[in-house]
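What follows is the content of entry_15.cif (mmCIF, C-alpha atoms).
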data_start
loop_
_atom_site.label_atom_id
_atom_site.label_comp_id
_atom_site.auth_asym_id
_atom_site.auth_seq_id
_atom_site.Cartn_x
_atom_site.Cartn_y
_atom_site.Cartn_z
CA MET Z 3 99.71 126.45 175.89
CA PRO Z 4 98.87 123.72 173.49
CA TYR Z 5 95.35 122.56 172.71
CA ILE Z 6 94.92 119.53 170.45
CA LYS Z 7 91.67 118.31 168.90
CA ILE Z 8 91.63 114.76 167.49
CA GLU Z 9 88.71 113.90 165.21
CA VAL Z 10 88.21 110.24 164.30
CA THR Z 11 85.34 108.18 162.98
CA ARG Z 12 83.35 106.43 165.72
CA GLU Z 13 84.35 102.83 165.13
CA GLY Z 14 84.87 101.20 168.48
CA VAL Z 15 87.71 103.31 169.91
CA THR Z 16 88.21 101.97 173.45
CA ARG Z 17 88.79 103.92 176.64
CA GLU Z 18 92.32 102.49 176.77
CA GLN Z 19 93.06 103.64 173.21
CA LYS Z 20 91.82 107.14 174.06
CA GLN Z 21 94.13 107.21 177.06
CA LYS Z 22 97.06 106.20 174.80
CA LEU Z 23 96.19 108.98 172.34
CA ILE Z 24 96.01 111.57 175.13
CA LYS Z 25 99.25 110.40 176.73
CA GLY Z 26 101.03 110.14 173.37
CA VAL Z 27 100.05 113.60 172.14
CA THR Z 28 100.87 115.23 175.48
CA ASP Z 29 104.30 113.55 175.59
CA LEU Z 30 104.94 114.66 172.01
CA MET Z 31 104.27 118.30 172.94
CA THR Z 32 106.75 117.97 175.81
CA HIS Z 33 109.46 116.19 173.80
CA VAL Z 34 109.29 118.41 170.70
CA LEU Z 35 108.34 121.80 172.19
CA ASN Z 36 109.21 121.37 175.89
CA LYS Z 37 105.61 122.19 176.85
CA ASP Z 38 104.37 121.75 180.42
CA PRO Z 39 101.76 118.94 180.46
CA GLN Z 40 99.80 121.02 183.00
CA LEU Z 41 99.12 123.44 180.13
CA THR Z 42 98.29 120.81 177.51
CA HIS Z 43 94.68 119.90 176.81
CA VAL Z 44 93.62 117.19 174.35
CA VAL Z 45 90.05 116.69 173.14
CA ILE Z 46 88.94 113.60 171.21
CA GLN Z 47 85.83 113.93 169.06
CA GLU Z 48 84.32 110.78 167.58
CA VAL Z 49 82.32 111.36 164.42
CA GLU Z 50 79.46 109.09 163.24
CA LEU Z 51 80.12 107.33 159.94
CA ASP Z 52 77.21 109.14 158.28
CA ASP Z 53 78.78 112.46 159.27
CA TRP Z 54 82.27 112.00 157.80
CA GLY Z 55 82.73 112.40 154.08
CA PHE Z 56 85.76 111.31 152.10
CA ALA Z 57 86.14 111.63 148.35
CA GLY Z 58 82.53 112.82 148.19
CA GLU Z 59 81.06 109.77 149.93
CA GLN Z 60 79.84 109.09 153.45
CA VAL Z 61 82.24 106.82 155.32
CA SER Z 62 79.24 104.63 156.22
CA VAL Z 63 78.81 103.95 152.50
CA LEU Z 64 82.52 103.31 152.03
CA ARG Z 65 82.48 100.79 154.88
CA GLU Z 66 79.51 98.96 153.30
CA LYS Z 67 81.67 98.64 150.18
CA GLY Z 68 84.44 97.11 152.30
CA ILE Z 69 86.71 100.15 152.16
CA THR Z 70 88.40 100.69 155.53
CA ALA Z 71 90.79 103.25 157.00
CA ASP Z 72 93.14 100.50 158.16
CA LYS Z 73 96.82 100.73 157.47
CA LYS Z 74 97.77 98.23 154.78
CA MET I 16 80.42 138.59 162.65
CA PRO I 17 81.51 136.73 165.72
CA TYR I 18 81.28 132.98 166.15
CA ILE I 19 82.18 131.53 169.55
CA LYS I 20 82.69 127.86 170.39
CA ILE I 21 82.69 126.85 174.07
CA GLU I 22 84.03 123.39 174.87
CA VAL I 23 83.47 122.05 178.39
CA THR I 24 83.49 118.64 180.00
CA ARG I 25 80.03 117.04 180.23
CA GLU I 26 79.42 117.24 183.96
CA GLY I 27 75.80 118.20 184.48
CA VAL I 28 75.69 121.60 182.78
CA THR I 29 72.03 122.64 182.98
CA ARG I 30 69.89 124.26 180.32
CA GLU I 31 69.77 127.40 182.43
CA GLN I 32 73.57 127.53 182.72
CA LYS I 33 73.88 127.15 178.96
CA GLN I 34 71.49 130.05 178.49
CA LYS I 35 73.64 132.17 180.84
CA LEU I 36 76.78 131.29 178.89
CA ILE I 37 75.14 132.19 175.57
CA LYS I 38 73.73 135.46 176.93
CA GLY I 39 76.97 136.35 178.68
CA VAL I 40 79.23 135.76 175.69
CA THR I 41 76.86 137.58 173.31
CA ASP I 42 76.65 140.59 175.64
CA LEU I 43 80.44 140.60 175.95
CA MET I 44 80.81 140.83 172.16
CA THR I 45 78.42 143.78 172.15
CA HIS I 46 80.02 145.58 175.10
CA VAL I 47 83.66 145.14 174.03
CA LEU I 48 83.38 145.15 170.23
CA ASN I 49 79.96 146.76 169.62
CA LYS I 50 78.85 143.66 167.67
CA ASP I 51 75.23 143.21 166.62
CA PRO I 52 73.78 140.21 168.53
CA GLN I 53 71.93 139.26 165.32
CA LEU I 54 75.34 138.40 163.88
CA THR I 55 76.68 136.55 166.92
CA HIS I 56 76.46 132.77 167.08
CA VAL I 57 77.57 130.73 170.11
CA VAL I 58 77.97 126.95 170.08
CA ILE I 59 78.44 124.91 173.26
CA GLN I 60 80.08 121.51 172.90
CA GLU I 61 80.07 119.17 175.87
CA VAL I 62 82.89 116.63 175.89
CA GLU I 63 82.72 113.25 177.63
CA LEU I 64 85.21 112.82 180.51
CA ASP I 65 86.97 109.97 178.66
CA ASP I 66 87.52 112.28 175.70
CA TRP I 67 89.20 115.21 177.44
CA GLY I 68 92.84 114.89 178.40
CA PHE I 69 94.70 117.16 180.78
CA ALA I 70 98.32 116.74 181.81
CA GLY I 71 98.37 113.45 179.88
CA GLU I 72 95.43 111.88 181.74
CA GLN I 73 91.77 111.40 180.93
CA VAL I 74 89.58 113.72 182.99
CA SER I 75 87.51 110.65 183.95
CA VAL I 76 90.62 109.28 185.67
CA LEU I 77 91.37 112.62 187.32
CA ARG I 78 87.80 112.77 188.68
CA GLU I 79 88.15 109.23 190.13
CA LYS I 80 91.21 110.56 191.97
CA GLY I 81 89.12 113.41 193.36
CA ILE I 82 90.70 116.10 191.18
CA THR I 83 88.06 118.58 190.01
CA ALA I 84 87.99 121.66 187.79
CA ASP I 85 86.27 123.67 190.51
CA LYS I 86 87.54 127.09 191.42
CA LYS I 87 89.26 126.91 194.81
CA MET O 26 88.35 122.23 181.64
CA PRO O 27 86.89 124.83 179.36
CA TYR O 28 88.40 125.86 176.04
CA ILE O 29 86.80 128.77 174.20
CA LYS O 30 87.52 129.86 170.62
CA ILE O 31 86.37 133.34 169.58
CA GLU O 32 86.32 134.04 165.84
CA VAL O 33 85.83 137.64 164.73
CA THR O 34 86.49 139.59 161.57
CA ARG O 35 89.83 141.43 161.57
CA GLU O 36 88.66 145.02 161.87
CA GLY O 37 90.97 146.80 164.26
CA VAL O 38 90.44 144.82 167.45
CA THR O 39 92.89 146.30 169.93
CA ARG O 40 95.12 144.53 172.43
CA GLU O 41 93.04 146.04 175.24
CA GLN O 42 89.79 144.75 173.72
CA LYS O 43 91.29 141.26 173.41
CA GLN O 44 92.26 141.38 177.06
CA LYS O 45 88.68 142.33 177.96
CA LEU O 46 87.30 139.44 175.90
CA ILE O 47 89.69 136.96 177.57
CA LYS O 48 88.94 138.27 181.07
CA GLY O 49 85.21 138.43 180.42
CA VAL O 50 84.91 134.90 179.05
CA THR O 51 87.08 133.44 181.79
CA ASP O 52 85.05 135.19 184.50
CA LEU O 53 81.85 133.93 182.88
CA MET O 54 83.07 130.33 183.09
CA THR O 55 83.82 130.84 186.79
CA HIS O 56 80.54 132.57 187.60
CA VAL O 57 78.25 130.23 185.68
CA LEU O 58 80.08 126.90 185.98
CA ASN O 59 82.46 127.50 188.91
CA LYS O 60 85.44 126.64 186.67
CA ASP O 61 89.00 127.20 187.85
CA PRO O 62 90.58 129.95 185.69
CA GLN O 63 93.83 127.95 185.75
CA LEU O 64 92.02 125.38 183.59
CA THR O 65 90.39 127.87 181.22
CA HIS O 66 91.99 128.67 177.87
CA VAL O 67 90.65 131.25 175.43
CA VAL O 68 91.85 131.62 171.84
CA ILE O 69 90.93 134.60 169.65
CA GLN O 70 91.13 134.12 165.90
CA GLU O 71 90.80 137.17 163.66
CA VAL O 72 89.53 136.41 160.17
CA GLU O 73 90.28 138.55 157.12
CA LEU O 74 87.22 140.20 155.55
CA ASP O 75 87.73 138.25 152.31
CA ASP O 76 87.63 135.02 154.29
CA TRP O 77 84.34 135.49 156.15
CA GLY O 78 81.13 134.94 154.26
CA PHE O 79 77.68 136.00 155.41
CA ALA O 80 74.48 135.53 153.43
CA GLY O 81 76.58 134.26 150.52
CA GLU O 82 78.80 137.35 150.28
CA GLN O 83 82.31 138.17 151.45
CA VAL O 84 82.27 140.57 154.39
CA SER O 85 84.77 142.73 152.47
CA VAL O 86 82.07 143.23 149.83
CA LEU O 87 79.41 143.94 152.46
CA ARG O 88 81.66 146.57 154.05
CA GLU O 89 82.18 148.26 150.65
CA LYS O 90 78.38 148.50 150.46
CA GLY O 91 78.32 150.17 153.86
CA ILE O 92 76.90 147.17 155.71
CA THR O 93 78.56 146.81 159.12
CA ALA O 94 78.30 144.39 162.03
CA ASP O 95 77.74 147.25 164.48
CA LYS O 96 74.95 147.07 167.00
CA LYS O 97 72.21 149.46 165.95
CA MET P 11 94.19 119.26 151.13
CA PRO P 12 90.86 120.67 152.09
CA TYR P 13 89.06 119.88 155.32
CA ILE P 14 85.54 121.25 155.78
CA LYS P 15 83.50 121.28 158.99
CA ILE P 16 79.76 121.90 158.70
CA GLU P 17 77.94 122.76 161.92
CA VAL P 18 74.14 122.76 161.86
CA THR P 19 71.42 122.54 164.46
CA ARG P 20 70.11 119.00 164.99
CA GLU P 21 66.66 119.29 163.45
CA GLY P 22 66.00 116.11 161.53
CA VAL P 23 68.80 116.22 158.94
CA THR P 24 68.45 112.95 157.03
CA ARG P 25 71.17 110.59 155.90
CA GLU P 26 70.36 111.51 152.30
CA GLN P 27 70.71 115.24 153.03
CA LYS P 28 74.09 114.63 154.67
CA GLN P 29 75.23 112.74 151.59
CA LYS P 30 74.15 115.69 149.41
CA LEU P 31 76.07 118.12 151.63
CA ILE P 32 79.21 115.96 151.48
CA LYS P 33 78.98 115.48 147.72
CA GLY P 34 78.16 119.15 147.12
CA VAL P 35 81.02 120.53 149.19
CA THR P 36 83.52 118.06 147.72
CA ASP P 37 82.46 118.92 144.16
CA LEU P 38 82.73 122.63 144.98
CA MET P 39 86.36 122.17 146.10
CA THR P 40 87.10 120.40 142.82
CA HIS P 41 85.30 122.92 140.60
CA VAL P 42 86.63 126.08 142.25
CA LEU P 43 90.10 124.97 143.41
CA ASN P 44 90.73 121.84 141.30
CA LYS P 45 91.22 119.79 144.47
CA ASP P 46 91.50 116.00 144.36
CA PRO P 47 88.43 114.49 146.12
CA GLN P 48 90.76 111.83 147.55
CA LEU P 49 92.27 114.64 149.66
CA THR P 50 89.00 116.26 150.69
CA HIS P 51 87.42 115.42 154.03
CA VAL P 52 84.06 116.80 155.19
CA VAL P 53 82.76 116.51 158.76
CA ILE P 54 79.15 117.31 159.70
CA GLN P 55 78.48 118.20 163.33
CA GLU P 56 74.88 118.43 164.49
CA VAL P 57 74.36 120.69 167.48
CA GLU P 58 71.50 120.33 169.97
CA LEU P 59 69.08 123.28 170.04
CA ASP P 60 69.98 124.04 173.68
CA ASP P 61 73.63 124.31 172.65
CA TRP P 62 73.35 126.82 169.83
CA GLY P 63 72.89 130.46 170.70
CA PHE P 64 71.80 133.20 168.32
CA ALA P 65 71.24 136.82 169.26
CA GLY P 66 71.81 135.86 172.90
CA GLU P 67 69.10 133.17 173.00
CA GLN P 68 69.13 129.39 172.81
CA VAL P 69 67.75 128.18 169.49
CA SER P 70 65.44 125.86 171.47
CA VAL P 71 63.82 128.99 172.93
CA LEU P 72 63.63 130.66 169.52
CA ARG P 73 61.92 127.57 168.06
CA GLU P 74 59.35 127.62 170.90
CA LYS P 75 58.60 131.20 169.85
CA GLY P 76 58.06 130.02 166.29
CA ILE P 77 61.28 131.51 164.93
CA THR P 78 62.87 129.15 162.40
CA ALA P 79 66.03 129.14 160.28
CA ASP P 80 64.01 128.46 157.13
CA LYS P 81 64.60 130.47 154.03
CA LYS P 82 61.69 132.84 153.49
CA MET H 26 89.88 109.12 158.77
CA PRO H 27 91.60 111.12 161.44
CA TYR H 28 92.00 114.88 161.37
CA ILE H 29 94.10 116.50 164.08
CA LYS H 30 94.39 120.22 164.82
CA ILE H 31 97.29 121.37 167.01
CA GLU H 32 97.03 124.89 168.42
CA VAL H 33 100.15 126.37 170.04
CA THR H 34 101.33 129.84 170.91
CA ARG H 35 103.58 131.38 168.25
CA GLU H 36 106.92 131.34 170.02
CA GLY H 37 109.54 130.32 167.51
CA VAL H 38 108.35 126.86 166.54
CA THR H 39 110.76 125.73 163.80
CA ARG H 40 109.98 123.96 160.56
CA GLU H 41 111.82 120.90 161.89
CA GLN H 42 109.73 120.87 165.08
CA LYS H 43 106.55 121.09 163.03
CA GLN H 44 107.68 118.11 160.96
CA LYS H 45 108.30 116.15 164.19
CA LEU H 46 104.81 117.01 165.46
CA ILE H 47 103.20 115.93 162.18
CA LYS H 48 105.19 112.70 162.02
CA GLY H 49 104.64 111.95 165.69
CA VAL H 50 100.89 112.46 165.64
CA THR H 51 100.48 110.50 162.41
CA ASP H 52 102.52 107.58 163.79
CA LEU H 53 100.44 107.66 166.98
CA MET H 54 97.22 107.29 164.98
CA THR H 55 98.72 104.28 163.21
CA HIS H 56 100.11 102.64 166.34
CA VAL H 57 97.06 103.12 168.56
CA LEU H 58 94.20 102.93 166.03
CA ASN H 59 95.84 101.22 163.01
CA LYS H 60 94.91 104.22 160.82
CA ASP H 61 96.26 104.55 157.29
CA PRO H 62 98.61 107.61 157.16
CA GLN H 63 97.19 108.36 153.71
CA LEU H 64 93.93 109.23 155.50
CA THR H 65 95.50 111.25 158.31
CA HIS H 66 95.67 115.02 158.09
CA VAL H 67 97.36 117.22 160.71
CA VAL H 68 97.01 121.01 160.85
CA ILE H 69 99.19 123.20 163.07
CA GLN H 70 97.83 126.61 164.01
CA GLU H 71 100.17 129.08 165.71
CA VAL H 72 98.38 131.67 167.84
CA GLU H 73 99.79 135.12 168.64
CA LEU H 74 100.55 135.73 172.32
CA ASP H 75 97.96 138.52 172.48
CA ASP H 76 95.32 136.09 171.20
CA TRP H 77 95.75 133.27 173.72
CA GLY H 78 94.30 133.72 177.17
CA PHE H 79 95.08 131.59 180.21
CA ALA H 80 93.67 132.14 183.67
CA GLY H 81 92.07 135.35 182.42
CA GLU H 82 95.29 136.93 181.14
CA GLN H 83 96.86 137.29 177.72
CA VAL H 84 99.89 135.02 177.32
CA SER H 85 101.85 138.08 176.15
CA VAL H 86 101.28 139.59 179.61
CA LEU H 87 102.21 136.33 181.34
CA ARG H 88 105.46 136.17 179.35
CA GLU H 89 106.33 139.77 180.36
CA LYS H 90 105.95 138.59 183.96
CA GLY H 91 108.38 135.76 183.26
CA ILE H 92 105.75 133.03 183.30
CA THR H 93 106.49 130.44 180.60
CA ALA H 94 104.84 127.26 179.33
CA ASP H 95 108.09 125.33 179.71
CA LYS H 96 108.12 121.97 181.41
CA LYS H 97 109.79 122.33 184.83
CA MET X 19 71.92 128.19 161.85
CA PRO X 20 74.76 126.77 159.86
CA TYR X 21 78.41 127.65 160.37
CA ILE X 22 80.94 126.23 157.90
CA LYS X 23 84.73 126.31 158.24
CA ILE X 24 86.80 125.59 155.12
CA GLU X 25 90.48 124.83 155.68
CA VAL X 26 92.76 124.75 152.64
CA THR X 27 96.46 125.02 152.06
CA ARG X 28 97.62 128.55 151.21
CA GLU X 29 98.50 128.13 147.54
CA GLY X 30 97.30 131.20 145.71
CA VAL X 31 93.56 131.05 146.35
CA THR X 32 92.19 134.23 144.78
CA ARG X 33 89.56 136.59 146.14
CA GLU X 34 87.23 135.49 143.35
CA GLN X 35 87.68 131.81 144.21
CA LYS X 36 86.92 132.57 147.86
CA GLN X 37 83.72 134.34 146.80
CA LYS X 38 82.74 131.27 144.76
CA LEU X 39 83.36 128.98 147.74
CA ILE X 40 81.27 131.19 150.04
CA LYS X 41 78.42 131.50 147.53
CA GLY X 42 78.53 127.81 146.68
CA VAL X 43 78.46 126.57 150.27
CA THR X 44 75.71 129.03 151.24
CA ASP X 45 73.57 128.00 148.27
CA LEU X 46 74.12 124.34 149.16
CA MET X 47 72.79 124.92 152.68
CA THR X 48 69.70 126.55 151.19
CA HIS X 49 69.10 123.90 148.53
CA VAL X 50 69.65 120.85 150.74
CA LEU X 51 68.44 122.08 154.14
CA ASN X 52 66.31 125.13 153.23
CA LYS X 53 68.49 127.35 155.47
CA ASP X 54 68.15 131.11 155.45
CA PRO X 55 71.37 132.62 154.01
CA GLN X 56 71.05 135.40 156.63
CA LEU X 57 71.84 132.72 159.22
CA THR X 58 74.68 131.07 157.32
CA HIS X 59 78.28 132.01 158.07
CA VAL X 60 81.28 130.62 156.18
CA VAL X 61 84.89 131.03 157.31
CA ILE X 62 87.86 130.19 155.07
CA GLN X 63 91.15 129.46 156.77
CA GLU X 64 94.28 129.19 154.64
CA VAL X 65 97.02 127.06 156.15
CA GLU X 66 100.73 127.47 155.38
CA LEU X 67 102.33 124.48 153.63
CA ASP X 68 104.67 123.90 156.58
CA ASP X 69 101.64 123.67 158.87
CA TRP X 70 99.63 121.01 157.04
CA GLY X 71 100.69 117.41 157.35
CA PHE X 72 99.50 114.55 155.16
CA ALA X 73 100.66 110.96 155.45
CA GLY X 74 103.19 112.09 158.06
CA GLU X 75 104.87 114.72 155.86
CA GLN X 76 104.63 118.48 155.61
CA VAL X 77 102.80 119.54 152.45
CA SER X 78 105.73 121.87 151.72
CA VAL X 79 107.93 118.78 151.46
CA LEU X 80 105.38 116.96 149.31
CA ARG X 81 105.22 119.95 146.94
CA GLU X 82 109.05 119.98 146.62
CA LYS X 83 108.74 116.33 145.54
CA GLY X 84 106.21 117.35 142.90
CA ILE X 85 103.20 115.87 144.69
CA THR X 86 100.19 118.16 144.30
CA ALA X 87 96.58 118.15 145.52
CA ASP X 88 95.29 118.64 141.98
CA LYS X 89 92.51 116.51 140.66
CA LYS X 90 93.95 114.04 138.13
#
Could the structure of this file be written out as structure tokens, please?
Amino acid sequence: MPYIKIEVTREGVTREQKQKLIKGVTDLMTHVLNKDPQLTHVVIQEVELDDWGFAGEQVSVLREKGITADKK
Amino acid sequence: MPYIKIEVTREGVTREQKQKLIKGVTDLMTHVLNKDPQLTHVVIQEVELDDWGFAGEQVSVLREKGITADKK
Amino acid sequence: MPYIKIEVTREGVTREQKQKLIKGVTDLMTHVLNKDPQLTHVVIQEVELDDWGFAGEQVSVLREKGITADKK
Amino acid sequence: MPYIKIEVTREGVTREQKQKLIKGVTDLMTHVLNKDPQLTHVVIQEVELDDWGFAGEQVSVLREKGITADKK
Amino acid sequence: MPYIKIEVTREGVTREQKQKLIKGVTDLMTHVLNKDPQLTHVVIQEVELDDWGFAGEQVSVLREKGITADKK
Amino acid sequence: MPYIKIEVTREGVTREQKQKLIKGVTDLMTHVLNKDPQLTHVVIQEVELDDWGFAGEQVSVLREKGITADKK
């Protein structure tokens, strides 16, 4: 009985990427814990940039300064 | 001090249905646990069909295949 | 596809009461939204009295003052 | 490693108020627990008035009756 | 800025399995969304069998009946 | 109607520190949003070090390596 909530900033995540996240997390629960996919629910929640704070600043402000969440 | 979060797929839940969910859950907390309704908060969160995954698939895809969440 | 999280203070909730909460919430989702119980998950999370704050005070402190969450 | 989720009813919270909430909560984690702001994430979730229930009623109904959440 | 919460029933998940879940989810966020692992937090929450309800029943009751969450 | 959930790693947070977090967050909701403290609930959830992942690693492993979450 796994339930997984993924929260990410709303920055153009595509339908295809969401499908990959859902498939990837569900497979992970099966491979690591042998969980039945029929009992695995995944919810993706996109969060507006004004609504996510990091290091005391809104992400919208960080983005204006050119600071991204991209892997270097 | 109960707090209840209800997450459902966004598929035409009406204002009246939401009111029934809120009333029903609040009454349940009173009947089972004797909780004061003045201390009971209920939050309903509707989730887009692309954002809910079940059995490794987006619910939007399941719906296109004719698979519903309806009680049989 | 409903998922419901119930958060209550840890104050002697019994196994039987938890079962009633789970059954009651699941039935409510079926009656109001026609949801299949096989797709309904309910999670109860009990919270220590030191970890729940109301009106700026720990519930453990409120209880010491004789303030309960009981329905009047 | 703190993560803080703030849920409030959607009633005209401004961008500036959100920034104050993010800054205030992050500072609090540093002052009370000595946490590094670089490890502190804050997410604000605004909830529609139809989706928040208090005392068994939708907040949208309470507001129509003139009942607010304002400090007296 | 991803935050992921994994909720599973408490049924002997090992420290090594938890590490695999954390690594797997973090890698997935990088591969699918190009997210910096330094901004990815994962929280695992194990839930007692009495506290998780499925299809209106406590998982502890389902397990006594021999019903598992194992992949077939 | 604010509800705030604070998740932190379980590393010796004292009862007094929890009280300061609850008071501080509640006051912040009043100062920034003019919210009635009687409608503000705060829940603190401590997470075991094996259950929190950052940058793909369990915090318990990071701590063994001498990496803390302390403000520099």
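Here atom CA of O:Pro27 is placed at a distance of 16.6 Å from atom CA of Z:Ile24.
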Put chain X on top of chain Z with a least-squares fit on all C-alpha atoms, paired in order, and send it back as a PDB file with C-alpha atoms, in the coordinates of the input.
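Done, and the output landed in part_21.pdb:
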ATOM      1  CA  MET X  19      99.757 126.452 175.899  1.00  0.00           C
ATOM      2  CA  PRO X  20      98.877 123.719 173.490  1.00  0.00           C
ATOM      3  CA  TYR X  21      95.349 122.580 172.707  1.00  0.00           C
ATOM      4  CA  ILE X  22      94.926 119.539 170.451  1.00  0.00           C
ATOM      5  CA  LYS X  23      91.679 118.308 168.892  1.00  0.00           C
ATOM      6  CA  ILE X  24      91.624 114.762 167.492  1.00  0.00           C
ATOM      7  CA  GLU X  25      88.711 113.897 165.213  1.00  0.00           C
ATOM      8  CA  VAL X  26      88.194 110.244 164.298  1.00  0.00           C
ATOM      9  CA  THR X  27      85.336 108.190 162.989  1.00  0.00           C
ATOM     10  CA  ARG X  28      83.339 106.435 165.720  1.00  0.00           C
ATOM     11  CA  GLU X  29      84.362 102.827 165.122  1.00  0.00           C
ATOM     12  CA  GLY X  30      84.880 101.204 168.485  1.00  0.00           C
ATOM     13  CA  VAL X  31      87.696 103.311 169.917  1.00  0.00           C
ATOM     14  CA  THR X  32      88.196 101.976 173.442  1.00  0.00           C
ATOM     15  CA  ARG X  33      88.796 103.916 176.637  1.00  0.00           C
ATOM     16  CA  GLU X  34      92.317 102.497 176.756  1.00  0.00           C
ATOM     17  CA  GLN X  35      93.066 103.635 173.202  1.00  0.00           C
ATOM     18  CA  LYS X  36      91.818 107.126 174.057  1.00  0.00           C
ATOM     19  CA  GLN X  37      94.149 107.197 177.066  1.00  0.00           C
ATOM     20  CA  LYS X  38      97.049 106.201 174.797  1.00  0.00           C
ATOM     21  CA  LEU X  39      96.196 108.981 172.337  1.00  0.00           C
ATOM     22  CA  ILE X  40      96.018 111.575 175.127  1.00  0.00           C
ATOM     23  CA  LYS X  41      99.273 110.410 176.729  1.00  0.00           C
ATOM     24  CA  GLY X  42     101.031 110.142 173.384  1.00  0.00           C
ATOM     25  CA  VAL X  43     100.055 113.596 172.141  1.00  0.00           C
ATOM     26  CA  THR X  44     100.878 115.217 175.495  1.00  0.00           C
ATOM     27  CA  ASP X  45     104.293 113.548 175.603  1.00  0.00           C
ATOM     28  CA  LEU X  46     104.941 114.670 172.024  1.00  0.00           C
ATOM     29  CA  MET X  47     104.282 118.300 172.965  1.00  0.00           C
ATOM     30  CA  THR X  48     106.765 117.958 175.819  1.00  0.00           C
ATOM     31  CA  HIS X  49     109.452 116.188 173.793  1.00  0.00           C
ATOM     32  CA  VAL X  50     109.291 118.413 170.709  1.00  0.00           C
ATOM     33  CA  LEU X  51     108.324 121.790 172.191  1.00  0.00           C
ATOM     34  CA  ASN X  52     109.211 121.376 175.894  1.00  0.00           C
ATOM     35  CA  LYS X  53     105.596 122.194 176.875  1.00  0.00           C
ATOM     36  CA  ASP X  54     104.367 121.759 180.418  1.00  0.00           C
ATOM     37  CA  PRO X  55     101.766 118.938 180.471  1.00  0.00           C
ATOM     38  CA  GLN X  56      99.788 121.024 183.007  1.00  0.00           C
ATOM     39  CA  LEU X  57      99.121 123.440 180.138  1.00  0.00           C
ATOM     40  CA  THR X  58      98.296 120.823 177.518  1.00  0.00           C
ATOM     41  CA  HIS X  59      94.682 119.912 176.800  1.00  0.00           C
ATOM     42  CA  VAL X  60      93.619 117.201 174.345  1.00  0.00           C
ATOM     43  CA  VAL X  61      90.048 116.707 173.128  1.00  0.00           C
ATOM     44  CA  ILE X  62      88.936 113.611 171.199  1.00  0.00           C
ATOM     45  CA  GLN X  63      85.840 113.929 169.064  1.00  0.00           C
ATOM     46  CA  GLU X  64      84.323 110.784 167.576  1.00  0.00           C
ATOM     47  CA  VAL X  65      82.316 111.358 164.419  1.00  0.00           C
ATOM     48  CA  GLU X  66      79.475 109.108 163.240  1.00  0.00           C
ATOM     49  CA  LEU X  67      80.129 107.323 159.931  1.00  0.00           C
ATOM     50  CA  ASP X  68      77.208 109.131 158.283  1.00  0.00           C
ATOM     51  CA  ASP X  69      78.777 112.454 159.270  1.00  0.00           C
ATOM     52  CA  TRP X  70      82.257 112.003 157.802  1.00  0.00           C
ATOM     53  CA  GLY X  71      82.714 112.387 154.084  1.00  0.00           C
ATOM     54  CA  PHE X  72      85.763 111.310 152.100  1.00  0.00           C
ATOM     55  CA  ALA X  73      86.145 111.634 148.350  1.00  0.00           C
ATOM     56  CA  GLY X  74      82.527 112.806 148.181  1.00  0.00           C
ATOM     57  CA  GLU X  75      81.047 109.754 149.934  1.00  0.00           C
ATOM     58  CA  GLN X  76      79.835 109.070 153.445  1.00  0.00           C
ATOM     59  CA  VAL X  77      82.240 106.797 155.318  1.00  0.00           C
ATOM     60  CA  SER X  78      79.241 104.613 156.205  1.00  0.00           C
ATOM     61  CA  VAL X  79      78.814 103.948 152.486  1.00  0.00           C
ATOM     62  CA  LEU X  80      82.529 103.301 152.020  1.00  0.00           C
ATOM     63  CA  ARG X  81      82.467 100.784 154.891  1.00  0.00           C
ATOM     64  CA  GLU X  82      79.490  98.948 153.299  1.00  0.00           C
ATOM     65  CA  LYS X  83      81.670  98.635 150.179  1.00  0.00           C
ATOM     66  CA  GLY X  84      84.436  97.119 152.292  1.00  0.00           C
ATOM     67  CA  ILE X  85      86.705 100.167 152.162  1.00  0.00           C
ATOM     68  CA  THR X  86      88.388 100.689 155.531  1.00  0.00           C
ATOM     69  CA  ALA X  87      90.795 103.247 157.009  1.00  0.00           C
ATOM     70  CA  ASP X  88      93.153 100.497 158.153  1.00  0.00           C
ATOM     71  CA  LYS X  89      96.825 100.738 157.470  1.00  0.00           C
ATOM     72  CA  LYS X  90      97.733  98.237 154.733  1.00  0.00           C
TER      73      LYS X  90
END
Give me, as CSV, the closest atom pair and its distance (Å, one decimal) for every residue of chain O within a cut-off of 9 Å of chain X, counting all atoms listed in the file, rows sorted by chain and rising number.
residue,atom,partner,partner_atom,distance
O:Val72,CA,X:Val61,CA,7.7
O:Glu73,CA,X:Ile62,CA,8.9
O:Asp75,CA,X:Arg33,CA,6.6
O:Asp76,CA,X:Ile62,CA,4.9
O:Trp77,CA,X:Val61,CA,4.6
O:Gly78,CA,X:Val60,CA,4.7
O:Phe79,CA,X:His59,CA,4.8
O:Ala80,CA,X:Pro55,CA,4.3
O:Gly81,CA,X:Lys41,CA,4.5
O:Glu82,CA,X:Lys41,CA,6.5
O:Gln83,CA,X:Gln37,CA,6.2
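As for atom CA of P:Lys81 and atom CA of X:Val50, they are spaced 11.4 Å apart.
The space separating atom CA of I:Val23 from atom CA of I:Leu77 comes to 15.2 Å.
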Neighbour residues at most 10 Å from (63.9, 124.2, 165.3) (only C-alpha atoms) as a ChimeraX atom specification:
/P:19-22,58-59,69-80 /X:19
Step by step, gather every atom of stretch 43-62 of chain O that the file lists, find the box along x, y and z that holds them, add 3 Å on each side, and finally give centre and edge lengths in Å to one decimal, as AutoDock Vina command-line options.
--center_x 85.3 --center_y 134.5 --center_z 181.2 --size_x 20.0 --size_y 21.7 --size_z 21.5
